[in-house]
Amino acid sequence: MMFETIVVPLLLGLLEGLTEFIPVSSTGHLLIAGHFLGFENSGRTFEVVIQLGAILAIIWIYLDKLVRTIGGLGHDPQARRFALSVLVAFLPAVAAGLLLHDYVKTVLFESPRVIATALLVGGVVLLLVDRMPIRHRHVDAEHFSWTMALGIGVAQCLSLIPGVSRSGATIVGALLMGADRRAAAEFSFFLSIPTMVAAVGYDLWDNRAALDTSAVHEIAIGFAAAFVSAMFVVRWLLAFLNQHGFALFGWWRIILGVGVWALLLAGYGT
């Protein structure tokens with residue numbers, strides 16, 4: 001009983017926070033872990049709510065910059081430009097999410113094969129992009145053009161496929177348009193705030209009739225674990241990317257994807 005009500009929620013919360021902002025797909029990791037651990041909850045309340053822990057971590061870390069940007073909307077052209085660029089990048093995912101939400105949740109989210117394949121393909125993409133001779137023309141996330149922001153937003157739509165990775169799609173999109181690694185990751189962090197808040201809010205509303213609030217303590221454990229682990233990852237990631245690139249994440253995705261396929265073909269978790 002302790003394993004199901006304390007250990008599993010703690011592990012899944014840590015997994016959410018550790019993987020939300022790195023390009024390995026937090027959703028893919030959570031769904032695969034929950035699948036093989038036999039963790040189920042009505043309306044996926046647990047998986048939805050613990051994402052708020054990761055959102056809170058990114059808001060806490062960038063609180064000063066967020067306050068300055070919001071406070072400067074009325075008088076600072078650069079603050080308005082940055083806020084609008086994040087909004088422009090956010091809108092494609094809104095449109096795609098509304099159109100494809102039911103299919104993604106009822107079909108793609110229920111297929112470990114789709115997730116394993118997306119992990120593999122995404123790993124190969126990260127390794128290829130990491131080796132591309134890209135000229136870094138944009139080194140400040142607050143100065144991305146609206147055209148560039150729109151391109152990043154279109155790339156983010158790919159993350160509707162579980163296993164693709166929201167952060168991976170947006171970071172790769174920014175890199176291919178000439179951003180350096182730090183700027184690409186920072187823009188991805190800021191874009192995650194409206195994207196994840198909207199996704200969580202929509203999921204909670206859409207599943208309001210099936211929400212399971214009986215296991216509040218499991219949700220609280222997962223939420224707290226996601227917050228703490230996400231705080232660590234965000235502070236660590238920027239320095240790591242500048243020094244080491246994406247090879248570690250690419251290989252991890254490939255290894256995990258191959259491992260999941262091996263388990264599925266062997267008859268485990270089916």
# chains A, B, ... in the order shown; residues from 1 in each chain; ligands from 1
call {"tool": "closest_atom_pairs", "arguments": {"of": "segment 85-201 of chain A", "to": "segment 69-76 of chain A", "cutoff": "12 Å", "atoms": "only C-alpha atoms", "output": "JSON lines"}}
result
{"residue": "A:Val86", "atom": "CA", "partner": "A:Thr69", "partner_atom": "CA", "distance": 11.6}
{"residue": "A:Glu142", "atom": "CA", "partner": "A:Thr69", "partner_atom": "CA", "distance": 9.9}
{"residue": "A:Phe190", "atom": "CA", "partner": "A:Thr69", "partner_atom": "CA", "distance": 11.4}
call {"tool": "closest_atom_pairs", "arguments": {"of": "segment 202-255 of chain A", "to": "segment 16-26 of chain A", "cutoff": "9 Å", "atoms": "only C-alpha atoms", "output": "JSON lines"}}
result
{"residue": "A:Gly222", "atom": "CA", "partner": "A:Glu16", "partner_atom": "CA", "distance": 8.4}
{"residue": "A:Phe223", "atom": "CA", "partner": "A:Gly17", "partner_atom": "CA", "distance": 8.9}
{"residue": "A:Ala225", "atom": "CA", "partner": "A:Gly17", "partner_atom": "CA", "distance": 7.1}
{"residue": "A:Ala226", "atom": "CA", "partner": "A:Gly17", "partner_atom": "CA", "distance": 4.0}
{"residue": "A:Phe227", "atom": "CA", "partner": "A:Gly17", "partner_atom": "CA", "distance": 6.2}
{"residue": "A:Val228", "atom": "CA", "partner": "A:Gly17", "partner_atom": "CA", "distance": 7.2}
{"residue": "A:Ser229", "atom": "CA", "partner": "A:Gly17", "partner_atom": "CA", "distance": 4.8}
{"residue": "A:Ala230", "atom": "CA", "partner": "A:Gly17", "partner_atom": "CA", "distance": 4.1}
{"residue": "A:Met231", "atom": "CA", "partner": "A:Gly17", "partner_atom": "CA", "distance": 7.8}
{"residue": "A:Phe232", "atom": "CA", "partner": "A:Leu18", "partner_atom": "CA", "distance": 7.9}
{"residue": "A:Val233", "atom": "CA", "partner": "A:Leu18", "partner_atom": "CA", "distance": 6.0}
{"residue": "A:Val234", "atom": "CA", "partner": "A:Phe21", "partner_atom": "CA", "distance": 6.8}
{"residue": "A:Leu237", "atom": "CA", "partner": "A:Ile22", "partner_atom": "CA", "distance": 7.5}
{"residue": "A:Phe246", "atom": "CA", "partner": "A:Pro23", "partner_atom": "CA", "distance": 8.3}
{"residue": "A:Phe249", "atom": "CA", "partner": "A:Val24", "partner_atom": "CA", "distance": 6.3}
{"residue": "A:Gly250", "atom": "CA", "partner": "A:Val24", "partner_atom": "CA", "distance": 7.7}
{"residue": "A:Trp252", "atom": "CA", "partner": "A:Val24", "partner_atom": "CA", "distance": 7.7}
{"residue": "A:Arg253", "atom": "CA", "partner": "A:Val24", "partner_atom": "CA", "distance": 6.1}
call {"tool": "write_last_selection", "arguments": {"atoms": "N, CA and C atoms", "output": "mmCIF file, in the first residue's frame"}}
result
data_model
loop_
_atom_site.group_PDB
_atom_site.id
_atom_site.type_symbol
_atom_site.label_atom_id
_atom_site.label_comp_id
_atom_site.auth_asym_id
_atom_site.auth_seq_id
_atom_site.Cartn_x
_atom_site.Cartn_y
_atom_site.Cartn_z
ATOM 1 N N GLY A 222 3.234 14.171 -5.451
ATOM 2 C CA GLY A 222 3.721 14.335 -6.815
ATOM 3 C C GLY A 222 3.971 15.785 -7.175
ATOM 4 N N PHE A 223 3.077 16.681 -6.739
ATOM 5 C CA PHE A 223 3.205 18.116 -7.004
ATOM 6 C C PHE A 223 4.494 18.658 -6.385
ATOM 7 N N ALA A 225 7.169 17.006 -5.373
ATOM 8 C CA ALA A 225 8.350 16.391 -5.977
ATOM 9 C C ALA A 225 8.648 17.011 -7.344
ATOM 10 N N ALA A 226 7.597 17.291 -8.124
ATOM 11 C CA ALA A 226 7.785 17.913 -9.435
ATOM 12 C C ALA A 226 8.367 19.316 -9.299
ATOM 13 N N PHE A 227 7.901 20.076 -8.312
ATOM 14 C CA PHE A 227 8.400 21.433 -8.090
ATOM 15 C C PHE A 227 9.887 21.425 -7.740
ATOM 16 N N VAL A 228 10.267 20.611 -6.786
ATOM 17 C CA VAL A 228 11.661 20.579 -6.317
ATOM 18 C C VAL A 228 12.598 20.106 -7.429
ATOM 19 N N SER A 229 12.236 19.023 -8.110
ATOM 20 C CA SER A 229 13.122 18.480 -9.147
ATOM 21 C C SER A 229 13.202 19.414 -10.350
ATOM 22 N N ALA A 230 12.098 20.099 -10.694
ATOM 23 C CA ALA A 230 12.130 21.051 -11.806
ATOM 24 C C ALA A 230 13.004 22.249 -11.475
ATOM 25 N N MET A 231 12.978 22.713 -10.234
ATOM 26 C CA MET A 231 13.857 23.816 -9.819
ATOM 27 C C MET A 231 15.313 23.452 -10.071
ATOM 28 N N PHE A 232 15.678 22.238 -9.721
ATOM 29 C CA PHE A 232 17.058 21.782 -9.918
ATOM 30 C C PHE A 232 17.403 21.737 -11.398
ATOM 31 N N VAL A 233 16.524 21.157 -12.204
ATOM 32 C CA VAL A 233 16.817 20.957 -13.625
ATOM 33 C C VAL A 233 16.966 22.283 -14.353
ATOM 34 N N VAL A 234 16.058 23.212 -14.118
ATOM 35 C CA VAL A 234 16.102 24.489 -14.845
ATOM 36 C C VAL A 234 17.382 25.246 -14.526
ATOM 37 N N LEU A 237 20.261 23.244 -16.368
ATOM 38 C CA LEU A 237 20.207 22.938 -17.795
ATOM 39 C C LEU A 237 20.957 23.932 -18.668
ATOM 40 N N PHE A 246 23.376 18.478 -26.866
ATOM 41 C CA PHE A 246 22.196 17.630 -26.702
ATOM 42 C C PHE A 246 22.473 16.136 -26.826
ATOM 43 N N PHE A 249 20.992 13.786 -24.135
ATOM 44 C CA PHE A 249 19.545 13.626 -24.205
ATOM 45 C C PHE A 249 19.131 12.786 -25.419
ATOM 46 N N GLY A 250 19.847 12.990 -26.529
ATOM 47 C CA GLY A 250 19.554 12.195 -27.720
ATOM 48 C C GLY A 250 19.783 10.712 -27.490
ATOM 49 N N TRP A 252 19.912 9.180 -24.601
ATOM 50 C CA TRP A 252 18.964 8.679 -23.599
ATOM 51 C C TRP A 252 17.619 8.330 -24.240
ATOM 52 N N ARG A 253 17.139 9.200 -25.122
ATOM 53 C CA ARG A 253 15.870 8.932 -25.798
ATOM 54 C C ARG A 253 15.958 7.649 -26.617
#
call {"tool": "closest_residue", "arguments": {"among": "A:Ala199, A:Cys157, A:Ala96, A:Val114", "to": "Ala169 of chain A", "atoms": "only C-alpha atoms"}}
result
A:Cys157
call {"tool": "closest_residue", "arguments": {"among": "A:Leu30, A:Leu84, A:Ile55, A:Leu15", "to": "Val197 of chain A", "atoms": "only C-alpha atoms"}}
result
A:Ile55
call {"tool": "closest_residue", "arguments": {"among": "A:Leu91, A:Ala118, A:Phe46, A:Ala149", "to": "Leu10 of chain A", "atoms": "only C-alpha atoms"}}
result
A:Phe46
call {"tool": "atom_distance", "arguments": {"atom1": "atom CA of Ala54 of chain A", "atom2": "atom CA of Met196 of chain A"}}
result
9.3 Å
call {"tool": "select_by_dssp", "arguments": {"residues": "segment 6-72 of chain A", "states": "helix (DSSP H, G or I)", "output": "number ranges by chain"}}
result
A: 6-19, 26-37, 42-61, 63-71
call {"tool": "closest_residue", "arguments": {"among": "A:Phe82, A:Pro112, A:Trp251, A:Gly257", "to": "Phe36 of chain A", "atoms": "only C-alpha atoms"}}
result
A:Pro112
call {"tool": "closest_residue", "arguments": {"among": "A:Ser188, A:Gln51, A:Asn207, A:Ser85", "to": "Leu150 of chain A", "atoms": "only C-alpha atoms"}}
result
A:Ser85
call {"tool": "closest_residue", "arguments": {"among": "A:His138, A:Lys65, A:Arg113, A:Arg81", "to": "Ile161 of chain A", "atoms": "only C-alpha atoms"}}
result
A:Arg113
call {"tool": "atom_distance", "arguments": {"atom1": "atom CA of Pro162 of chain A", "atom2": "atom CA of Val121 of chain A"}}
result
12.1 Å
call {"tool": "closest_atom_pairs", "arguments": {"of": "segment 167-192 of chain A", "to": "segment 126-135 of chain A", "cutoff": "9 Å", "atoms": "only C-alpha atoms", "output": "CSV"}}
result
residue,atom,partner,partner_atom,distance
A:Gly168,CA,A:Leu126,CA,8.1
A:Val172,CA,A:Val129,CA,7.3
A:Leu175,CA,A:Ile134,CA,7.5
A:Leu176,CA,A:Ile134,CA,7.1
A:Met177,CA,A:Ile134,CA,8.6
A:Gly178,CA,A:Arg135,CA,5.9
A:Ala179,CA,A:Arg135,CA,8.2
A:Asp180,CA,A:Arg135,CA,8.3
call {"tool": "residues_around", "arguments": {"residues": "Thr117 of chain A", "least_positions_apart": "6", "cutoff": "10 Å", "atoms": "only C-alpha atoms", "output": "list of chain:residue names"}}
result
A:Gly123, A:Pro162, A:Gly163, A:Val164, A:Arg253, A:Ile254, A:Gly257, A:Val258, A:Val260, A:Trp261
call {"tool": "residues_around", "arguments": {"residues": "Glu218 of chain A", "least_positions_apart": "3", "cutoff": "7 Å", "atoms": "only C-alpha atoms", "output": "list in words"}}
result
Thr5, Ile6, Pro9, Ala215, Ile221 and Gly222 of chain A
call {"tool": "decode", "arguments": {"residues": "segment 134-183 of chain A", "atoms": "N, CA and C atoms", "output": "JSON list (two decimals), in the first residue's frame"}}
result
[["chain", "number", "residue", "atom", "x", "y", "z"],
["A", 134, "ILE", "N", 25.34, 25.20, -37.33],
["A", 134, "ILE", "CA", 24.38, 26.30, -37.33],
["A", 134, "ILE", "C", 25.06, 27.59, -36.86],
["A", 135, "ARG", "N", 24.86, 28.66, -37.62],
["A", 135, "ARG", "CA", 25.41, 29.96, -37.22],
["A", 135, "ARG", "C", 24.43, 30.62, -36.24],
["A", 136, "HIS", "N", 24.89, 30.91, -35.04],
["A", 136, "HIS", "CA", 24.03, 31.45, -33.99],
["A", 136, "HIS", "C", 23.90, 32.97, -34.15],
["A", 137, "ARG", "N", 22.79, 33.39, -34.72],
["A", 137, "ARG", "CA", 22.57, 34.83, -34.96],
["A", 137, "ARG", "C", 21.75, 35.47, -33.84],
["A", 138, "HIS", "N", 21.10, 34.65, -33.02],
["A", 138, "HIS", "CA", 20.21, 35.19, -31.98],
["A", 138, "HIS", "C", 20.67, 34.65, -30.63],
["A", 139, "VAL", "N", 21.11, 35.54, -29.76],
["A", 139, "VAL", "CA", 21.67, 35.12, -28.48],
["A", 139, "VAL", "C", 20.87, 35.62, -27.29],
["A", 140, "ASP", "N", 19.74, 36.27, -27.54],
["A", 140, "ASP", "CA", 18.90, 36.80, -26.46],
["A", 140, "ASP", "C", 17.45, 36.41, -26.73],
["A", 141, "ALA", "N", 16.87, 35.60, -25.84],
["A", 141, "ALA", "CA", 15.50, 35.13, -26.03],
["A", 141, "ALA", "C", 14.49, 36.28, -26.07],
["A", 142, "GLU", "N", 14.82, 37.41, -25.45],
["A", 142, "GLU", "CA", 13.89, 38.53, -25.42],
["A", 142, "GLU", "C", 13.88, 39.34, -26.71],
["A", 143, "HIS", "N", 14.76, 38.98, -27.67],
["A", 143, "HIS", "CA", 14.83, 39.74, -28.91],
["A", 143, "HIS", "C", 14.52, 38.89, -30.14],
["A", 144, "PHE", "N", 13.86, 37.76, -29.95],
["A", 144, "PHE", "CA", 13.44, 36.97, -31.10],
["A", 144, "PHE", "C", 12.38, 37.74, -31.89],
["A", 145, "SER", "N", 12.45, 37.65, -33.22],
["A", 145, "SER", "CA", 11.44, 38.30, -34.05],
["A", 145, "SER", "C", 10.12, 37.54, -33.96],
["A", 146, "TRP", "N", 9.04, 38.18, -34.38],
["A", 146, "TRP", "CA", 7.74, 37.52, -34.35],
["A", 146, "TRP", "C", 7.69, 36.37, -35.36],
["A", 147, "THR", "N", 8.40, 36.51, -36.46],
["A", 147, "THR", "CA", 8.46, 35.42, -37.44],
["A", 147, "THR", "C", 9.16, 34.20, -36.83],
["A", 148, "MET", "N", 10.24, 34.46, -36.13],
["A", 148, "MET", "CA", 10.96, 33.38, -35.46],
["A", 148, "MET", "C", 10.08, 32.75, -34.38],
["A", 149, "ALA", "N", 9.38, 33.58, -33.62],
["A", 149, "ALA", "CA", 8.49, 33.07, -32.57],
["A", 149, "ALA", "C", 7.40, 32.19, -33.17],
["A", 150, "LEU", "N", 6.86, 32.61, -34.32],
["A", 150, "LEU", "CA", 5.82, 31.81, -34.97],
["A", 150, "LEU", "C", 6.37, 30.46, -35.40],
["A", 151, "GLY", "N", 7.59, 30.44, -35.92],
["A", 151, "GLY", "CA", 8.20, 29.18, -36.32],
["A", 151, "GLY", "C", 8.39, 28.24, -35.14],
["A", 152, "ILE", "N", 8.81, 28.81, -34.00],
["A", 152, "ILE", "CA", 8.97, 28.00, -32.79],
["A", 152, "ILE", "C", 7.61, 27.46, -32.34],
["A", 153, "GLY", "N", 6.58, 28.30, -32.47],
["A", 153, "GLY", "CA", 5.24, 27.87, -32.09],
["A", 153, "GLY", "C", 4.73, 26.73, -32.95],
["A", 154, "VAL", "N", 5.02, 26.81, -34.25],
["A", 154, "VAL", "CA", 4.62, 25.71, -35.15],
["A", 154, "VAL", "C", 5.36, 24.43, -34.76],
["A", 155, "ALA", "N", 6.66, 24.55, -34.44],
["A", 155, "ALA", "CA", 7.43, 23.38, -34.01],
["A", 155, "ALA", "C", 6.84, 22.79, -32.74],
["A", 156, "GLN", "N", 6.35, 23.64, -31.84],
["A", 156, "GLN", "CA", 5.78, 23.15, -30.59],
["A", 156, "GLN", "C", 4.56, 22.25, -30.82],
["A", 157, "CYS", "N", 3.86, 22.45, -31.92],
["A", 157, "CYS", "CA", 2.68, 21.63, -32.22],
["A", 157, "CYS", "C", 3.03, 20.15, -32.33],
["A", 158, "LEU", "N", 4.26, 19.84, -32.72],
["A", 158, "LEU", "CA", 4.68, 18.44, -32.83],
["A", 158, "LEU", "C", 4.64, 17.74, -31.47],
["A", 159, "SER", "N", 4.73, 18.53, -30.40],
["A", 159, "SER", "CA", 4.77, 17.91, -29.07],
["A", 159, "SER", "C", 3.40, 17.39, -28.63],
["A", 160, "LEU", "N", 2.37, 17.60, -29.44],
["A", 160, "LEU", "CA", 1.09, 16.96, -29.15],
["A", 160, "LEU", "C", 1.22, 15.43, -29.23],
["A", 161, "ILE", "N", 2.21, 14.97, -29.99],
["A", 161, "ILE", "CA", 2.48, 13.54, -30.06],
["A", 161, "ILE", "C", 3.27, 13.16, -28.81],
["A", 162, "PRO", "N", 2.72, 12.31, -27.94],
["A", 162, "PRO", "CA", 3.46, 11.95, -26.73],
["A", 162, "PRO", "C", 4.77, 11.26, -27.06],
["A", 163, "GLY", "N", 5.83, 11.73, -26.42],
["A", 163, "GLY", "CA", 7.16, 11.20, -26.70],
["A", 163, "GLY", "C", 8.01, 12.15, -27.51],
["A", 164, "VAL", "N", 7.39, 13.16, -28.13],
["A", 164, "VAL", "CA", 8.15, 14.12, -28.95],
["A", 164, "VAL", "C", 8.93, 15.09, -28.06],
["A", 165, "SER", "N", 8.32, 15.60, -27.01],
["A", 165, "SER", "CA", 8.90, 16.56, -26.08],
["A", 165, "SER", "C", 8.61, 18.00, -26.50],
["A", 166, "ARG", "N", 7.86, 18.72, -25.66],
["A", 166, "ARG", "CA", 7.55, 20.12, -25.93],
["A", 166, "ARG", "C", 8.83, 20.94, -25.93],
["A", 167, "SER", "N", 9.66, 20.75, -24.90],
["A", 167, "SER", "CA", 10.90, 21.53, -24.84],
["A", 167, "SER", "C", 11.82, 21.16, -26.00],
["A", 168, "GLY", "N", 11.88, 19.88, -26.34],
["A", 168, "GLY", "CA", 12.72, 19.45, -27.45],
["A", 168, "GLY", "C", 12.30, 20.07, -28.76],
["A", 169, "ALA", "N", 10.99, 20.07, -29.03],
["A", 169, "ALA", "CA", 10.49, 20.64, -30.29],
["A", 169, "ALA", "C", 10.77, 22.13, -30.38],
["A", 170, "THR", "N", 10.53, 22.86, -29.28],
["A", 170, "THR", "CA", 10.73, 24.31, -29.33],
["A", 170, "THR", "C", 12.21, 24.68, -29.37],
["A", 171, "ILE", "N", 13.04, 23.95, -28.62],
["A", 171, "ILE", "CA", 14.48, 24.24, -28.64],
["A", 171, "ILE", "C", 15.07, 23.95, -30.02],
["A", 172, "VAL", "N", 14.73, 22.80, -30.60],
["A", 172, "VAL", "CA", 15.24, 22.46, -31.93],
["A", 172, "VAL", "C", 14.74, 23.47, -32.95],
["A", 173, "GLY", "N", 13.46, 23.86, -32.86],
["A", 173, "GLY", "CA", 12.93, 24.87, -33.78],
["A", 173, "GLY", "C", 13.70, 26.16, -33.70],
["A", 174, "ALA", "N", 14.00, 26.61, -32.48],
["A", 174, "ALA", "CA", 14.76, 27.86, -32.30],
["A", 174, "ALA", "C", 16.18, 27.72, -32.81],
["A", 175, "LEU", "N", 16.83, 26.58, -32.56],
["A", 175, "LEU", "CA", 18.20, 26.36, -33.04],
["A", 175, "LEU", "C", 18.26, 26.41, -34.56],
["A", 176, "LEU", "N", 17.31, 25.76, -35.22],
["A", 176, "LEU", "CA", 17.31, 25.73, -36.68],
["A", 176, "LEU", "C", 17.08, 27.11, -37.29],
["A", 177, "MET", "N", 16.52, 28.03, -36.50],
["A", 177, "MET", "CA", 16.33, 29.40, -36.98],
["A", 177, "MET", "C", 17.44, 30.33, -36.49],
["A", 178, "GLY", "N", 18.52, 29.76, -35.94],
["A", 178, "GLY", "CA", 19.70, 30.56, -35.65],
["A", 178, "GLY", "C", 19.89, 30.98, -34.22],
["A", 179, "ALA", "N", 19.09, 30.47, -33.28],
["A", 179, "ALA", "CA", 19.29, 30.82, -31.88],
["A", 179, "ALA", "C", 20.43, 30.00, -31.30],
["A", 180, "ASP", "N", 21.14, 30.56, -30.32],
["A", 180, "ASP", "CA", 22.12, 29.74, -29.63],
["A", 180, "ASP", "C", 21.40, 28.88, -28.59],
["A", 181, "ARG", "N", 22.12, 27.94, -27.98],
["A", 181, "ARG", "CA", 21.47, 26.97, -27.10],
["A", 181, "ARG", "C", 20.81, 27.63, -25.90],
["A", 182, "ARG", "N", 21.49, 28.58, -25.29],
["A", 182, "ARG", "CA", 20.95, 29.22, -24.09],
["A", 182, "ARG", "C", 19.67, 29.99, -24.41],
["A", 183, "ALA", "N", 19.71, 30.79, -25.48],
["A", 183, "ALA", "CA", 18.54, 31.58, -25.85],
["A", 183, "ALA", "C", 17.37, 30.67, -26.24]]
